[in-house]
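Okay, input.txt is below, compact mmCIF, C-alpha atoms:
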# COMPACT_ATOMS: atom_id res chain seq x y z
CA MET A 22 -53.51 1.39 -18.83
CA LYS A 23 -50.32 -0.63 -18.40
CA PRO A 24 -50.60 -4.38 -18.27
CA GLU A 25 -49.68 -5.99 -14.94
CA ASN A 26 -46.97 -8.59 -14.85
CA ASN A 27 -49.44 -11.23 -13.67
CA SER A 28 -51.80 -10.63 -16.64
CA LYS A 29 -52.03 -13.01 -19.54
CA ILE A 30 -49.43 -11.05 -21.53
CA LYS A 31 -46.10 -11.97 -19.96
CA LEU A 32 -43.40 -9.28 -19.94
CA PRO A 33 -39.74 -10.26 -19.93
CA PHE A 34 -39.03 -7.86 -17.02
CA GLY A 35 -38.41 -8.47 -13.37
CA THR A 36 -38.23 -6.12 -10.39
CA PRO A 37 -35.90 -6.22 -7.38
CA GLU A 38 -37.15 -8.04 -4.30
CA ASN A 39 -39.69 -5.99 -2.27
CA TYR A 40 -39.73 -3.32 -5.02
CA PHE A 41 -43.47 -2.63 -4.82
CA GLU A 42 -43.65 -3.01 -1.01
CA GLU A 43 -41.00 -0.31 -0.62
CA PHE A 44 -42.21 1.90 -3.47
CA SER A 45 -44.55 4.13 -1.45
CA SER A 46 -41.93 4.76 1.23
CA ARG A 47 -39.34 5.61 -1.47
CA LEU A 48 -41.77 8.00 -3.11
CA GLU A 49 -42.56 9.65 0.22
CA LYS A 50 -38.86 10.18 0.90
CA ARG A 51 -38.31 11.59 -2.57
CA LEU A 52 -41.12 14.10 -1.97
CA LYS A 53 -39.45 15.08 1.34
CA GLY A 54 -36.13 15.59 -0.42
CA GLU A 55 -34.54 12.56 1.28
CA ALA A 56 -33.23 10.95 -1.85
CA GLU A 57 -31.88 7.40 -1.78
CA PRO A 58 -29.15 5.96 -3.99
CA LYS A 59 -30.59 4.91 -7.31
CA GLY A 60 -30.87 1.30 -8.37
CA LEU A 61 -30.55 -0.14 -4.87
CA HIS A 62 -32.78 -2.12 -2.59
CA LYS A 63 -32.55 -2.59 1.12
CA THR A 64 -31.55 -6.23 1.24
CA LEU A 65 -28.50 -6.92 3.35
CA PRO A 66 -26.03 -9.56 2.21
CA PHE A 67 -25.74 -10.96 5.73
CA LYS A 68 -27.23 -13.98 7.40
CA VAL A 69 -27.12 -15.38 10.91
CA PRO A 70 -26.81 -18.95 12.24
CA ASP A 71 -30.06 -20.91 12.51
CA ARG A 72 -32.30 -19.92 15.44
CA TYR A 73 -29.73 -17.29 16.44
CA PHE A 74 -32.33 -14.78 17.67
CA GLU A 75 -34.23 -17.46 19.56
CA TRP A 76 -31.21 -18.21 21.72
CA LEU A 77 -29.69 -14.74 21.98
CA PRO A 78 -31.80 -13.54 24.97
CA GLN A 79 -30.88 -16.66 26.91
CA ARG A 80 -27.18 -16.23 26.13
CA ILE A 81 -27.31 -12.60 27.21
CA MET A 82 -29.02 -13.56 30.48
CA GLN A 83 -26.39 -16.25 31.07
CA LYS A 84 -23.65 -13.69 30.52
CA ILE A 85 -25.26 -11.32 33.02
CA GLN A 86 -25.73 -14.13 35.56
CA GLY A 87 -22.11 -15.21 35.07
CA MET A 88 -20.95 -11.66 35.58
CA ARG A 89 -22.94 -11.38 38.82
CA THR A 90 -21.52 -14.68 40.11
CA GLN A 91 -18.03 -13.55 39.18
CA ILE A 92 -18.45 -10.33 41.15
CA ALA A 93 -19.83 -12.25 44.13
CA TRP A 94 -16.85 -14.65 43.93
CA TYR A 95 -14.38 -11.78 43.98
CA GLU A 96 -16.14 -10.14 46.86
CA LYS A 97 -16.07 -13.40 48.80
CA ILE A 98 -12.35 -13.88 48.12
CA GLN A 99 -11.61 -10.32 49.11
CA TRP A 100 -13.38 -10.71 52.46
CA HIS A 101 -11.57 -13.99 53.10
CA TRP A 102 -8.25 -12.36 52.34
CA ILE A 103 -8.98 -9.29 54.42
CA GLY A 104 -9.93 -11.54 57.35
CA ARG A 105 -6.90 -13.77 56.96
CA MET A 106 -4.47 -10.89 56.53
CA GLY A 107 -5.92 -9.17 59.61
CA ALA A 108 -5.53 -12.32 61.73
CA VAL A 109 -1.95 -12.94 60.53
CA THR A 110 -0.98 -9.31 61.19
CA ALA A 111 -2.46 -9.43 64.71
CA VAL A 112 -0.57 -12.67 65.53
CA MET A 113 2.68 -11.22 64.18
CA VAL A 114 2.29 -8.01 66.21
CA LEU A 115 1.61 -10.04 69.37
CA LEU A 116 4.67 -12.26 68.76
CA ILE A 117 6.91 -9.26 68.15
CA MET A 118 5.67 -7.61 71.33
CA TRP A 119 6.13 -10.85 73.29
CA PHE A 120 9.68 -11.60 72.16
CA LEU A 121 11.09 -8.09 72.08
CA PRO A 122 13.22 -7.27 75.22
CA GLN A 123 11.16 -5.12 77.55
CA LYS A 124 12.77 -1.73 77.98
CA ASP A 125 11.53 1.02 80.25
CA THR A 126 13.26 3.85 78.52
CA GLN A 127 11.60 6.54 80.57
CA THR A 128 12.92 5.17 83.90
CA GLU A 129 16.37 4.61 82.35
CA ASN A 130 16.50 8.18 81.13
CA LEU A 131 15.50 9.55 84.54
CA ALA A 132 18.16 7.46 86.29
CA ASP A 133 20.81 8.71 83.85
CA LEU A 134 19.68 12.27 84.39
CA GLN A 135 19.90 11.89 88.15
CA LYS A 136 23.45 10.48 87.85
CA GLU A 137 24.50 13.35 85.61
CA LEU A 138 22.93 15.90 87.95
CA ALA A 139 24.79 14.40 90.93
CA LYS A 140 28.07 15.19 89.18
CA VAL A 141 27.17 18.85 88.68
CA ASP A 142 28.20 21.33 91.33
CA LYS A 143 25.12 22.54 93.25
CA LYS A 144 26.11 26.20 93.02
CA GLU A 145 26.65 25.92 89.31
CA LEU A 146 23.25 24.32 88.98
CA GLU A 147 21.59 27.12 90.88
CA TYR A 148 23.22 29.74 88.67
CA TYR A 149 22.12 27.87 85.63
CA LEU A 150 18.55 27.64 86.81
CA ILE A 151 18.41 31.27 87.81
CA ILE A 152 19.72 32.34 84.44
CA HIS A 153 17.38 30.02 82.55
CA HIS A 154 14.46 30.54 84.86
CA THR A 155 11.65 29.63 82.54
CA SER A 156 9.75 26.68 83.83
CA SER A 157 7.66 26.11 86.91
CA LEU A 158 9.59 22.91 87.65
CA GLU A 159 12.82 24.82 87.92
CA ALA A 160 11.17 27.43 90.08
CA GLU A 161 9.88 24.69 92.36
CA ILE A 162 13.37 23.18 92.73
CA LEU A 163 14.79 26.58 93.50
CA SER A 164 12.06 27.36 96.03
CA THR A 165 13.14 24.30 98.11
CA ASN A 166 16.52 25.96 98.59
CA ALA A 167 16.40 28.27 101.59
CA ASP A 168 19.25 30.52 100.39
CA ILE A 169 17.66 31.47 97.16
CA SER A 170 14.01 32.24 97.23
CA ILE A 171 12.85 33.21 93.78
CA ASN A 172 9.38 32.37 92.71
CA HIS A 173 9.16 34.73 89.85
CA SER A 174 11.19 37.14 87.82
CA GLU A 175 10.36 40.25 89.92
CA ASN A 176 11.76 38.62 93.10
CA LEU A 177 14.86 37.61 91.20
CA GLN A 178 15.28 41.12 89.89
CA ASP A 179 14.94 42.52 93.45
CA SER A 180 17.40 40.05 94.94
CA LEU A 181 19.93 40.96 92.29
CA HIS A 182 19.36 44.69 92.91
CA LEU A 183 18.88 45.19 89.24
CA GLU A 184 17.07 48.16 87.84
CA LYS A 185 14.68 47.30 84.99
CA LYS A 186 16.41 49.84 82.85
CA THR A 187 19.84 48.33 83.56
CA LEU A 188 18.49 44.90 82.64
CA GLU A 189 17.12 46.14 79.33
CA GLU A 190 20.48 47.71 78.58
CA VAL A 191 22.39 44.45 79.15
CA LEU A 192 19.90 42.04 77.64
CA PRO A 193 21.07 42.39 74.05
CA ASP A 194 24.61 41.93 75.24
CA GLU A 195 26.16 38.53 74.59
CA ASN A 196 27.88 38.54 78.03
CA VAL A 197 24.65 38.72 79.97
CA GLU A 198 25.30 35.42 81.75
CA GLU A 199 28.65 36.68 83.08
CA ILE A 200 27.04 39.88 84.30
CA LEU A 201 24.31 37.94 86.08
CA HIS A 202 26.90 35.66 87.71
CA GLN A 203 28.74 38.65 88.95
CA GLU A 204 25.58 40.28 90.29
CA LEU A 205 24.49 37.10 92.05
CA GLU A 206 27.89 36.68 93.76
CA ASN A 207 27.76 40.29 94.89
CA ALA A 208 24.26 39.72 96.28
CA GLU A 209 25.41 36.68 98.25
CA ILE A 210 28.40 38.52 99.67
CA LEU A 211 26.08 41.30 100.84
CA MET B 27 -45.72 -4.34 25.87
CA GLU B 28 -44.93 -0.62 25.91
CA ASP B 29 -41.46 0.55 26.93
CA LYS B 30 -42.86 2.47 29.91
CA GLU B 31 -44.48 -0.66 31.27
CA LEU B 32 -41.30 -2.67 30.67
CA LEU B 33 -39.27 -0.10 32.59
CA GLU B 34 -41.67 -0.19 35.52
CA LYS B 35 -41.44 -3.96 35.63
CA PHE B 36 -37.63 -3.78 35.41
CA LYS B 37 -37.54 -1.57 38.51
CA LYS B 38 -39.32 -4.25 40.57
CA ALA B 39 -37.01 -7.00 41.83
CA GLU B 40 -39.53 -9.79 41.26
CA SER B 41 -40.11 -8.92 37.57
CA LYS B 42 -36.67 -7.52 36.71
CA ASN B 43 -35.41 -10.57 34.76
CA TYR B 44 -38.73 -11.03 33.00
CA ALA B 45 -38.87 -7.38 31.89
CA PHE B 46 -35.27 -7.44 30.71
CA ASN B 47 -35.89 -10.58 28.71
CA LEU B 48 -38.78 -8.85 26.97
CA ILE B 49 -36.63 -5.79 26.24
CA VAL B 50 -33.95 -8.01 24.68
CA ARG B 51 -36.54 -9.86 22.58
CA LYS B 52 -38.07 -6.57 21.45
CA TYR B 53 -34.83 -4.88 20.35
CA GLN B 54 -32.29 -7.64 19.70
CA GLN B 55 -32.80 -7.77 15.93
CA LYS B 56 -32.67 -4.02 15.37
CA ILE B 57 -29.54 -3.75 17.53
CA TYR B 58 -27.85 -6.80 16.01
CA TRP B 59 -28.37 -5.58 12.44
CA HIS B 60 -27.28 -2.05 13.34
CA ILE B 61 -24.05 -3.46 14.75
CA ARG B 62 -23.59 -6.05 12.01
CA LYS B 63 -23.70 -3.35 9.31
CA MET B 64 -20.88 -1.55 11.09
CA VAL B 65 -18.58 -4.48 11.92
CA ILE B 66 -19.60 -6.88 9.08
CA ASP B 67 -18.40 -10.03 10.87
CA HIS B 68 -21.12 -12.10 12.58
CA ASP B 69 -18.99 -13.14 15.58
CA ASP B 70 -17.99 -9.55 16.28
CA ALA B 71 -21.59 -8.42 15.90
CA ASP B 72 -22.76 -11.18 18.24
CA ASP B 73 -20.18 -10.19 20.84
CA LEU B 74 -21.01 -6.49 20.62
CA THR B 75 -24.78 -7.15 20.75
CA GLN B 76 -24.29 -9.09 23.97
CA GLU B 77 -22.05 -6.35 25.37
CA THR B 78 -24.67 -3.74 24.47
CA PHE B 79 -27.39 -5.57 26.37
CA VAL B 80 -25.09 -6.19 29.33
CA LYS B 81 -24.57 -2.41 29.49
CA VAL B 82 -28.30 -1.89 29.16
CA TRP B 83 -28.80 -4.22 32.16
CA GLN B 84 -26.16 -2.37 34.18
CA ASN B 85 -27.48 1.11 33.46
CA LEU B 86 -31.20 0.70 32.93
CA ALA B 87 -31.97 1.47 36.57
CA ASP B 88 -30.42 4.93 36.04
CA PHE B 89 -32.26 5.52 32.75
CA GLN B 90 -34.11 8.80 33.28
CA GLY B 91 -36.54 8.43 30.40
CA ASN B 92 -35.43 11.74 28.85
CA SER B 93 -35.10 9.96 25.52
CA GLN B 94 -36.90 6.96 24.07
CA LEU B 95 -35.68 3.59 25.25
CA TYR B 96 -34.73 2.34 21.81
CA THR B 97 -32.73 5.48 20.94
CA TRP B 98 -30.91 5.03 24.26
CA ILE B 99 -30.12 1.40 23.42
CA TYR B 100 -29.08 2.43 19.90
CA ARG B 101 -26.69 4.96 21.41
CA ILE B 102 -25.06 2.28 23.57
CA ALA B 103 -24.78 -0.02 20.54
CA THR B 104 -23.29 2.79 18.42
CA ASN B 105 -20.68 3.55 21.09
CA GLU B 106 -19.82 -0.13 21.31
CA CYS B 107 -19.30 -0.25 17.52
CA LEU B 108 -17.16 2.89 17.39
CA ASN B 109 -15.06 1.75 20.35
CA PHE B 110 -14.61 -1.65 18.72
CA LEU B 111 -13.36 -0.08 15.48
CA ARG B 112 -11.09 2.30 17.41
CA ARG B 113 -9.64 -0.61 19.39
CA LYS B 114 -8.96 -2.42 16.12
CA LYS B 115 -7.08 0.59 14.79
CA ARG B 116 -5.08 0.96 17.99
CA LYS B 117 -4.35 -2.74 18.38
CA PHE B 118 -2.87 -3.19 14.94
CA PHE B 119 -1.68 0.43 14.50
CA LEU B 120 -3.89 0.58 11.43
CA PRO B 121 -4.99 3.71 9.62
CA ILE B 122 -8.73 3.92 8.87
CA ALA B 123 -8.23 2.75 5.26
CA ASP B 124 -6.68 -0.51 6.50
CA VAL B 125 -9.56 -1.17 8.89
CA SER B 126 -11.90 -0.76 5.91
CA LYS B 127 -9.74 -3.21 3.94
CA GLU B 128 -10.03 -5.74 6.75
CA LEU B 129 -13.81 -5.28 6.82
CA LEU B 130 -13.91 -5.67 3.02
CA ARG B 131 -11.96 -8.91 3.34
CA LYS B 132 -14.51 -10.11 5.90
CA LEU B 133 -17.29 -9.21 3.49
CA GLU B 134 -15.75 -11.65 1.02
CA THR B 135 -14.78 -14.41 3.45
CA ASP B 136 -17.30 -14.41 6.33
CA ALA B 137 -19.33 -17.60 6.51
CA TYR B 138 -22.53 -15.68 7.11
CA ILE B 139 -22.56 -13.60 3.93
CA GLU B 140 -25.32 -14.30 1.47
CA GLY B 141 -24.44 -13.54 -2.11
CA ASP B 142 -26.71 -10.81 -3.42
CA GLU B 143 -24.28 -9.07 -5.74
CA ILE B 144 -25.83 -5.59 -5.61
CA ALA B 145 -26.19 -5.75 -1.84
CA ILE B 146 -22.52 -6.76 -1.50
CA LYS B 147 -21.50 -3.95 -3.84
CA LEU B 148 -23.45 -1.48 -1.74
CA GLN B 149 -21.71 -2.73 1.41
CA LYS B 150 -18.34 -2.40 -0.31
CA ALA B 151 -19.18 1.16 -1.33
CA LEU B 152 -20.29 1.91 2.23
CA LEU B 153 -17.00 0.67 3.62
CA LYS B 154 -15.25 3.43 1.68
CA LEU B 155 -17.15 6.10 3.63
CA PRO B 156 -15.93 7.63 6.88
CA GLU B 157 -17.38 5.80 9.93
CA LYS B 158 -19.79 8.58 10.93
CA GLN B 159 -21.16 8.93 7.38
CA ARG B 160 -21.61 5.17 7.20
CA LEU B 161 -23.49 5.25 10.51
CA VAL B 162 -25.77 8.05 9.36
CA PHE B 163 -26.45 6.34 6.04
CA ASN B 164 -27.22 3.00 7.69
CA MET B 165 -29.59 4.51 10.22
CA LYS B 166 -31.40 6.61 7.63
CA TYR B 167 -31.47 4.22 4.68
CA PHE B 168 -31.72 0.79 6.27
CA ASP B 169 -33.24 1.48 9.71
CA ASP B 170 -35.60 4.24 8.53
CA LEU B 171 -34.85 6.42 11.53
CA SER B 172 -35.77 10.10 11.34
CA TYR B 173 -33.07 12.76 11.45
CA GLU B 174 -34.37 13.77 14.88
CA GLU B 175 -33.90 10.25 16.18
CA ILE B 176 -30.42 9.98 14.64
CA SER B 177 -29.59 13.36 16.15
CA GLU B 178 -30.60 12.02 19.57
CA ILE B 179 -28.48 8.90 19.11
CA LEU B 180 -25.34 10.54 17.70
CA GLY B 181 -25.60 13.90 19.43
CA THR B 182 -25.21 15.70 16.09
CA SER B 183 -27.41 18.48 14.72
CA VAL B 184 -30.11 17.62 12.18
CA GLY B 185 -28.50 19.97 9.63
CA ALA B 186 -25.14 18.23 9.90
CA LEU B 187 -26.85 14.84 9.58
CA LYS B 188 -28.68 15.91 6.41
CA ALA B 189 -25.42 17.10 4.89
CA SER B 190 -23.68 13.90 5.94
CA TYR B 191 -26.40 11.71 4.42
CA HIS B 192 -26.43 13.72 1.19
CA HIS B 193 -22.63 13.31 0.81
CA ALA B 194 -22.92 9.60 1.55
CA VAL B 195 -25.60 9.10 -1.14
CA LYS B 196 -23.53 10.95 -3.74
CA LYS B 197 -20.38 8.95 -2.93
CA ILE B 198 -22.27 5.66 -3.04
CA GLU B 199 -23.85 6.47 -6.38
CA GLN B 200 -20.43 7.33 -7.81
CA GLU B 201 -18.89 4.19 -6.37
CA MET B 202 -21.71 2.00 -7.72
CA LYS B 203 -21.33 3.52 -11.21
CA LEU B 204 -17.60 2.78 -11.15
CA ASN B 205 -18.18 -0.84 -10.21
CA LEU B 206 -20.94 -1.59 -12.69
For the file at hand, write its structure as structure tokens.
Amino acid sequence: MKPENNSKIKLPFGTPENYFEEFSSRLEKRLKGEAEPKGLHKTLPFKVPDRYFEWLPQRIMQKIQGMRTQIAWYEKIQWHWIGRMGAVTAVMVLLIMWFLPQKDTQTENLADLQKELAKVDKKELEYYLIIHHTSSLEAEILSTNADISINHSENLQDSLHLEKKTLEEVLPDENVEEILHQELENAEIL
Amino acid sequence: MEDKELLEKFKKAESKNYAFNLIVRKYQQKIYWHIRKMVIDHDDADDLTQETFVKVWQNLADFQGNSQLYTWIYRIATNECLNFLRRKKRKFFLPIADVSKELLRKLETDAYIEGDEIAIKLQKALLKLPEKQRLVFNMKYFDDLSYEEISEILGTSVGALKASYHHAVKKIEQEMKLNL
């Protein structure tokens, strides 16, 4: 039986710190095939400031609280800015609308159109509308004229004495307007 | 208090701060030392430990409980460490060897290093390992985590971890022999 180090016979040998406390776990690992580097012990060469771990939870909580306050501060500032920017924009829009010269463009355009139309020869206008008979407004204008009563394309075709076939033949022709003019004049003469 | 109970308390508004405080007290040392072994410097370790627990606070409500709480916290801490070392490399355009040199310098100059010669030699040998091998070695050798737990933390297979640990042990033994 080997003498223990605390027996009366003193041996000049020492063991690393925690050698016997860690022995069983080292043996277990060796049996499992999880070898550890030889001649080492698990002491770390690091230390921490005094009472570091006592204060750490409090410092972490302070950091979290600070972070929450910071977020709340940003949110508050953002809302303030959004509110202020909205108010300033509204005031600016109102001022621009107030000081800008009022212009009724629609009425001006209609007046111009009427002036331009007064210059155009009535006959010429009728021809134009007959040729470009597409909208109900034009048809309405034409229907007020007693000489030319054309409410739809069939009536127009009849009044011009045009056969459908003849019309189809001339439609691709580029001079279709001239032909229609001619036909209309003939119709009036008759 | 068990982790399950702590999580239940954390979910209630009235006991949220209390539960979190208990979680920090329960895991702060393990997490601090895990980080410290990776970054060496106390101030960096302190900063990263705080960051880890801030992230735990931010994400704990979404913690599904698919893994154990401490392996989840370990994973956050490990990511913090790896990101810190990556940032260091990027910031100073340093190759990995130079980051190790800087950590070695810290090992010699940091105010919170206690002079156990063999322990310092081991740390110096560890700093010559690739980051992932160093992580595996630290978790297995110092933290006594099982391969399954390390696998959960690092997302690496048990087989790969065993190989990594084996290589680390061999390299450390060689390095220690050279420096004796």
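Among A:Ile151, A:Gln135, A:Glu206, A:Pro78, the residue with the shortest atom-to-atom distance to Ala45 (chain B), counting all atoms listed in the file, is A:Pro78.
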Near chain A, meaning an atom within 7 Å, which residues of chain B appear when counting only C-alpha atoms? Write them as a ChimeraX atom specification.
/B:47,50-51,76,80,138-142,145-146,168,195,198-199
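Remark: for Trp83 (chain B), the closest of the candidate residues A:Val114, A:Thr36, A:Glu129, A:Arg89 is A:Arg89 (distances computed over all atoms listed in the file).
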Surrounding residues of Asn109 (chain B) excluding itself and chain neighbours under 2 positions, 12 Å, all atoms listed in the file, as a ChimeraX atom specification
/B:61,64-65,74,77-78,102-107,111-117,157
Writer output for current selection, C-alpha atoms, as a CSV table (one decimal), keeping the file's coordinate frame:
chain,number,residue,atom,x,y,z
B,61,ILE,CA,-24.0,-3.5,14.8
B,64,MET,CA,-20.9,-1.6,11.1
B,65,VAL,CA,-18.6,-4.5,11.9
B,74,LEU,CA,-21.0,-6.5,20.6
B,77,GLU,CA,-22.0,-6.4,25.4
B,78,THR,CA,-24.7,-3.7,24.5
B,102,ILE,CA,-25.1,2.3,23.6
B,103,ALA,CA,-24.8,0.0,20.5
B,104,THR,CA,-23.3,2.8,18.4
B,105,ASN,CA,-20.7,3.6,21.1
B,106,GLU,CA,-19.8,-0.1,21.3
B,107,CYS,CA,-19.3,-0.2,17.5
B,111,LEU,CA,-13.4,-0.1,15.5
B,112,ARG,CA,-11.1,2.3,17.4
B,113,ARG,CA,-9.6,-0.6,19.4
B,114,LYS,CA,-9.0,-2.4,16.1
B,115,LYS,CA,-7.1,0.6,14.8
B,116,ARG,CA,-5.1,1.0,18.0
B,117,LYS,CA,-4.4,-2.7,18.4
B,157,GLU,CA,-17.4,5.8,9.9
CA of Tyr100 (chain B) and CA of Lys127 (chain B), how far apart in Å?
25.7 Å
Report the centre and edge lengths, in Å to one decimal, of an axis-aligned box enclosing every atom of region 165-177 of chain B listed in the file, padded by 3 Å on each side, as AutoDock Vina command-line options.
--center_x -32.7 --center_y 7.3 --center_z 10.4 --size_x 12.2 --size_y 19.0 --size_z 17.5
If I take CA of Ile117 (chain A) and CA of Gly104 (chain A), how far is one from the other in Å, to one decimal?
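Between these atoms lies a distance of 20.1 Å.
Nearest-residue note for Gly181 (chain B): choosing from B:Lys154, B:Lys166, B:Arg101, B:Lys196, the minimum distance belongs to B:Arg101, counting only C-alpha atoms.
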Can you tell me, as a list in words, what residues are no more than 9 Å from Ile152 (chain A) when counting all atoms listed in the file, ignoring any on the same chain fewer than 5 positions away?
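Once the adjacent positions are removed, what remains is Glu147, Glu198, Leu201 and His202 of chain A.
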Using only C-alpha atoms, which residue out of B:Lys63, B:His68, B:His193, B:Lys38 lies closest to Leu153 (chain B)?
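Of B:Lys63, B:His68, B:His193, B:Lys38, the one nearest Leu153 (chain B) is B:Lys63, counting only C-alpha atoms.
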